Structures are given as C-alpha cells and as structure tokens.
file start02.cif (mmCIF, N, CA and C atoms)
data_coords
#
loop_
_atom_site.group_PDB
_atom_site.id
_atom_site.type_symbol
_atom_site.label_atom_id
_atom_site.label_comp_id
_atom_site.auth_asym_id
_atom_site.auth_seq_id
_atom_site.Cartn_x
_atom_site.Cartn_y
_atom_site.Cartn_z
ATOM 1 N N MET A 21 118.215 71.504 -8.685
ATOM 2 C CA MET A 21 118.716 71.486 -10.036
ATOM 3 C C MET A 21 119.252 72.873 -10.383
ATOM 4 N N LEU A 22 120.387 72.911 -11.034
ATOM 5 C CA LEU A 22 121.007 74.169 -11.420
ATOM 6 C C LEU A 22 120.805 74.454 -12.894
ATOM 7 N N HIS A 23 120.682 75.714 -13.208
ATOM 8 C CA HIS A 23 120.662 76.132 -14.611
ATOM 9 C C HIS A 23 122.114 76.223 -15.068
ATOM 10 N N ALA A 24 122.380 75.930 -16.331
ATOM 11 C CA ALA A 24 123.743 75.927 -16.865
ATOM 12 C C ALA A 24 124.473 77.242 -16.619
ATOM 13 N N ARG A 25 123.758 78.366 -16.595
ATOM 14 C CA ARG A 25 124.429 79.658 -16.380
ATOM 15 C C ARG A 25 124.928 79.816 -14.943
ATOM 16 N N GLU A 26 124.504 78.935 -14.038
ATOM 17 C CA GLU A 26 124.968 78.972 -12.654
ATOM 18 C C GLU A 26 126.232 78.137 -12.442
ATOM 19 N N VAL A 27 126.635 77.390 -13.447
ATOM 20 C CA VAL A 27 127.767 76.482 -13.336
ATOM 21 C C VAL A 27 129.007 77.126 -13.968
ATOM 22 N N VAL A 28 130.116 77.095 -13.217
ATOM 23 C CA VAL A 28 131.362 77.706 -13.683
ATOM 24 C C VAL A 28 132.337 76.603 -14.076
ATOM 25 N N GLU A 29 132.790 76.646 -15.325
ATOM 26 C CA GLU A 29 133.745 75.655 -15.808
ATOM 27 C C GLU A 29 135.067 75.796 -15.062
ATOM 28 N N ASP A 30 135.649 74.647 -14.671
ATOM 29 C CA ASP A 30 136.912 74.615 -13.920
ATOM 30 C C ASP A 30 137.598 73.300 -14.229
ATOM 31 N N GLU A 31 138.715 73.345 -14.938
ATOM 32 C CA GLU A 31 139.391 72.101 -15.354
ATOM 33 C C GLU A 31 139.837 71.245 -14.180
ATOM 34 N N ASN A 32 139.927 71.809 -12.989
ATOM 35 C CA ASN A 32 140.300 71.048 -11.788
ATOM 36 C C ASN A 32 139.087 70.718 -10.934
ATOM 37 N N GLY A 33 137.897 70.971 -11.442
ATOM 38 C CA GLY A 33 136.666 70.784 -10.681
ATOM 39 C C GLY A 33 136.122 69.376 -10.741
ATOM 40 N N ILE A 34 134.821 69.292 -10.563
ATOM 41 C CA ILE A 34 134.112 68.013 -10.520
ATOM 42 C C ILE A 34 133.338 67.813 -11.821
ATOM 43 N N PRO A 35 133.047 66.577 -12.209
ATOM 44 C CA PRO A 35 132.300 66.343 -13.451
ATOM 45 C C PRO A 35 130.899 66.955 -13.391
ATOM 46 N N TYR A 36 130.532 67.689 -14.430
ATOM 47 C CA TYR A 36 129.193 68.270 -14.562
ATOM 48 C C TYR A 36 128.488 67.491 -15.672
ATOM 49 N N VAL A 37 127.522 66.662 -15.279
ATOM 50 C CA VAL A 37 126.847 65.749 -16.196
ATOM 51 C C VAL A 37 125.545 66.377 -16.687
ATOM 52 N N VAL A 38 125.356 66.330 -18.003
ATOM 53 C CA VAL A 38 124.160 66.887 -18.635
ATOM 54 C C VAL A 38 123.558 65.834 -19.568
ATOM 55 N N ARG A 39 122.512 66.216 -20.290
ATOM 56 C CA ARG A 39 121.852 65.279 -21.203
ATOM 57 C C ARG A 39 122.489 65.368 -22.583
ATOM 58 N N THR A 40 123.669 64.788 -22.705
ATOM 59 C CA THR A 40 124.350 64.721 -23.990
ATOM 60 C C THR A 40 124.831 63.297 -24.207
ATOM 61 N N LYS A 41 124.927 62.899 -25.449
ATOM 62 C CA LYS A 41 125.421 61.550 -25.730
ATOM 63 C C LYS A 41 126.941 61.524 -25.859
ATOM 64 N N PHE A 42 127.586 62.667 -25.732
ATOM 65 C CA PHE A 42 129.029 62.755 -25.888
ATOM 66 C C PHE A 42 129.744 62.748 -24.534
ATOM 67 N N ASN A 43 130.995 62.278 -24.523
ATOM 68 C CA ASN A 43 131.882 62.310 -23.350
ATOM 69 C C ASN A 43 131.234 61.704 -22.110
ATOM 70 N N ASN A 44 130.540 60.606 -22.281
ATOM 71 C CA ASN A 44 129.896 59.893 -21.185
ATOM 72 C C ASN A 44 128.918 60.778 -20.412
ATOM 73 N N GLY A 45 128.345 61.782 -21.104
ATOM 74 C CA GLY A 45 127.377 62.672 -20.485
ATOM 75 C C GLY A 45 127.992 63.857 -19.755
ATOM 76 N N ILE A 46 129.331 63.917 -19.695
ATOM 77 C CA ILE A 46 130.001 64.995 -18.965
ATOM 78 C C ILE A 46 130.224 66.182 -19.894
ATOM 79 N N LYS A 47 129.625 67.320 -19.533
ATOM 80 C CA LYS A 47 129.786 68.538 -20.340
ATOM 81 C C LYS A 47 131.169 69.121 -20.141
ATOM 82 N N TYR A 48 131.588 69.240 -18.890
ATOM 83 C CA TYR A 48 132.926 69.717 -18.519
ATOM 84 C C TYR A 48 133.072 69.561 -17.021
ATOM 85 N N LYS A 49 134.220 69.907 -16.485
ATOM 86 C CA LYS A 49 134.418 69.921 -15.045
ATOM 87 C C LYS A 49 134.054 71.303 -14.548
ATOM 88 N N ALA A 50 133.473 71.366 -13.354
ATOM 89 C CA ALA A 50 132.926 72.614 -12.840
ATOM 90 C C ALA A 50 133.345 72.853 -11.395
ATOM 91 N N THR A 51 133.323 74.121 -11.013
ATOM 92 C CA THR A 51 133.572 74.495 -9.625
ATOM 93 C C THR A 51 132.396 74.016 -8.781
ATOM 94 N N GLU A 52 132.688 73.309 -7.695
ATOM 95 C CA GLU A 52 131.623 72.799 -6.824
ATOM 96 C C GLU A 52 131.040 73.931 -5.982
ATOM 97 N N THR A 53 129.721 73.931 -5.835
ATOM 98 C CA THR A 53 129.035 74.913 -4.990
ATOM 99 C C THR A 53 128.141 74.184 -3.998
ATOM 100 N N LYS A 54 127.657 74.912 -3.008
ATOM 101 C CA LYS A 54 126.776 74.318 -2.000
ATOM 102 C C LYS A 54 125.406 73.966 -2.565
ATOM 103 N N LYS A 55 125.025 74.577 -3.695
ATOM 104 C CA LYS A 55 123.726 74.292 -4.309
ATOM 105 C C LYS A 55 123.710 72.964 -5.066
ATOM 106 N N MET A 56 124.887 72.408 -5.326
ATOM 107 C CA MET A 56 124.975 71.160 -6.094
ATOM 108 C C MET A 56 124.643 69.973 -5.211
ATOM 109 N N ILE A 57 123.930 69.026 -5.787
ATOM 110 C CA ILE A 57 123.597 67.781 -5.103
ATOM 111 C C ILE A 57 124.348 66.663 -5.807
ATOM 112 N N SER A 58 125.121 65.918 -5.050
ATOM 113 C CA SER A 58 125.932 64.881 -5.675
ATOM 114 C C SER A 58 125.138 63.603 -5.917
ATOM 115 N N SER A 59 125.620 62.840 -6.873
ATOM 116 C CA SER A 59 125.118 61.492 -7.131
ATOM 117 C C SER A 59 126.229 60.531 -6.745
ATOM 118 N N LEU A 60 125.857 59.394 -6.262
ATOM 119 C CA LEU A 60 126.850 58.409 -5.849
ATOM 120 C C LEU A 60 127.684 57.947 -7.027
ATOM 121 N N LYS A 61 128.922 57.555 -6.746
ATOM 122 C CA LYS A 61 129.719 56.959 -7.808
ATOM 123 C C LYS A 61 129.202 55.552 -8.060
ATOM 124 N N GLY A 62 129.488 55.039 -9.241
ATOM 125 C CA GLY A 62 129.035 53.706 -9.605
ATOM 126 C C GLY A 62 127.589 53.651 -10.057
ATOM 127 N N VAL A 63 127.066 54.771 -10.578
ATOM 128 C CA VAL A 63 125.681 54.810 -11.035
ATOM 129 C C VAL A 63 125.609 54.786 -12.557
ATOM 130 N N ILE A 64 124.455 54.387 -13.054
ATOM 131 C CA ILE A 64 124.192 54.420 -14.491
ATOM 132 C C ILE A 64 123.139 55.493 -14.725
ATOM 133 N N LEU A 65 123.450 56.426 -15.621
ATOM 134 C CA LEU A 65 122.533 57.514 -15.945
ATOM 135 C C LEU A 65 121.890 57.259 -17.291
ATOM 136 N N PHE A 66 120.685 57.764 -17.450
ATOM 137 C CA PHE A 66 119.937 57.615 -18.695
ATOM 138 C C PHE A 66 119.696 58.995 -19.278
ATOM 139 N N GLY A 67 120.148 59.226 -20.520
ATOM 140 C CA GLY A 67 119.939 60.503 -21.198
ATOM 141 C C GLY A 67 118.527 60.582 -21.745
ATOM 142 N N ALA A 68 117.742 61.526 -21.249
ATOM 143 C CA ALA A 68 116.322 61.612 -21.583
ATOM 144 C C ALA A 68 116.044 61.841 -23.066
ATOM 145 N N GLU A 69 116.778 62.720 -23.712
ATOM 146 C CA GLU A 69 116.505 63.051 -25.105
ATOM 147 C C GLU A 69 117.077 62.052 -26.104
ATOM 148 N N ASN A 70 118.136 61.364 -25.729
ATOM 149 C CA ASN A 70 118.817 60.555 -26.732
ATOM 150 C C ASN A 70 118.861 59.062 -26.413
ATOM 151 N N ALA A 71 118.207 58.631 -25.378
ATOM 152 C CA ALA A 71 118.148 57.211 -24.984
ATOM 153 C C ALA A 71 119.527 56.580 -24.882
ATOM 154 N N SER A 72 120.482 57.309 -24.319
ATOM 155 C CA SER A 72 121.832 56.798 -24.095
ATOM 156 C C SER A 72 122.029 56.527 -22.605
ATOM 157 N N PHE A 73 122.800 55.489 -22.297
ATOM 158 C CA PHE A 73 123.126 55.162 -20.920
ATOM 159 C C PHE A 73 124.591 55.461 -20.676
ATOM 160 N N PHE A 74 124.911 55.971 -19.462
ATOM 161 C CA PHE A 74 126.279 56.295 -19.126
ATOM 162 C C PHE A 74 126.600 55.757 -17.742
ATOM 163 N N TYR A 75 127.734 55.091 -17.612
ATOM 164 C CA TYR A 75 128.212 54.632 -16.308
ATOM 165 C C TYR A 75 129.170 55.677 -15.767
ATOM 166 N N GLN A 76 128.902 56.163 -14.553
ATOM 167 C CA GLN A 76 129.758 57.169 -13.931
ATOM 168 C C GLN A 76 130.538 56.518 -12.799
ATOM 169 N N LYS A 77 131.844 56.340 -13.012
ATOM 170 C CA LYS A 77 132.660 55.671 -11.997
ATOM 171 C C LYS A 77 132.979 56.575 -10.823
ATOM 172 N N ASP A 78 132.942 57.903 -11.034
ATOM 173 C CA ASP A 78 133.240 58.871 -9.980
ATOM 174 C C ASP A 78 131.967 59.541 -9.485
ATOM 175 N N GLU A 79 132.015 60.116 -8.285
ATOM 176 C CA GLU A 79 130.896 60.902 -7.780
ATOM 177 C C GLU A 79 130.687 62.083 -8.723
ATOM 178 N N ILE A 80 129.451 62.412 -9.009
ATOM 179 C CA ILE A 80 129.160 63.467 -9.991
ATOM 180 C C ILE A 80 128.203 64.493 -9.396
ATOM 181 N N ARG A 81 128.075 65.621 -10.117
ATOM 182 C CA ARG A 81 127.123 66.680 -9.742
ATOM 183 C C ARG A 81 126.192 66.906 -10.884
#

call {"tool": "encode", "arguments": {"input": "start02.cif", "output": "structure tokens"}}
result
Amino acid sequence: MLHAREVVEDENGIPYVVRTKFNNGIKYKATETKKMISSLKGVILFGAENASFFYQKDEIR
C-alpha cells in the first residue's frame, strides 16, 4: 500500500483509486511505479468510509 505522498499525478498515467465517493473512486491518474500493485479490470470496489460501490472497467492501482 502506498501513502498518497508517494503517488505522482500524471494526466497520461494510470487510475489511482482511493476511498472517495466521487469520480468512481478515482482521485486522479498517476505515474506507475514498481511499488504499485494492480487490481484486475472488471472489479467492484467498496468504499470503506462511505459505503459506496464502484465498478472499475480498467486495470487500476
């Protein structure tokens, strides 16, 4: 798991999913690093704090 300060925003990067009810859980696109662990595409995520569900059609980090 990465801390937010380790993630670099990059408009051409990969989706960075966090616990938010906005934008399908995607905070922004980020530069991919070797420390990131991907999740399969086609998954449903559950937001812990807000009880929201999000379907991610693309592979996410």

call {"tool": "residues_around", "arguments": {"input": "start02.cif", "residues": "segment 28-41 of chain A", "least_positions_apart": "4", "cutoff": "5 Å", "atoms": "all atoms listed in the file", "output": "PyMOL selection string"}}
result
chain A and resi 45-51+81

call {"tool": "residues_around", "arguments": {"input": "start02.cif", "residues": "segment 75-80 of chain A", "least_positions_apart": "2", "cutoff": "7 Å", "atoms": "all atoms listed in the file", "output": "PyMOL selection string"}}
result
chain A and resi 34-37+44+57-65+73

call {"tool": "atom_distance", "arguments": {"input": "start02.cif", "atom1": "atom N of His23 of chain A", "atom2": "atom C of Lys55 of chain A"}}
result
9.1 Å

call {"tool": "atom_distance", "arguments": {"input": "start02.cif", "atom1": "atom N of Met56 of chain A", "atom2": "atom N of Leu22 of chain A"}}
result
7.3 Å

call {"tool": "atom_distance", "arguments": {"input": "start02.cif", "atom1": "atom CA of Thr53 of chain A", "atom2": "atom C of Arg25 of chain A"}}
result
11.8 Å

call {"tool": "axis_aligned_box", "arguments": {"input": "start02.cif", "around": "segment 25-38 of chain A", "padding_each_side": "4 Å", "output": "AutoDock Vina command-line options"}}
result
--center_x 131.9 --center_y 72.8 --center_z -15.0 --size_x 24.7 --size_y 22.1 --size_z 17.0
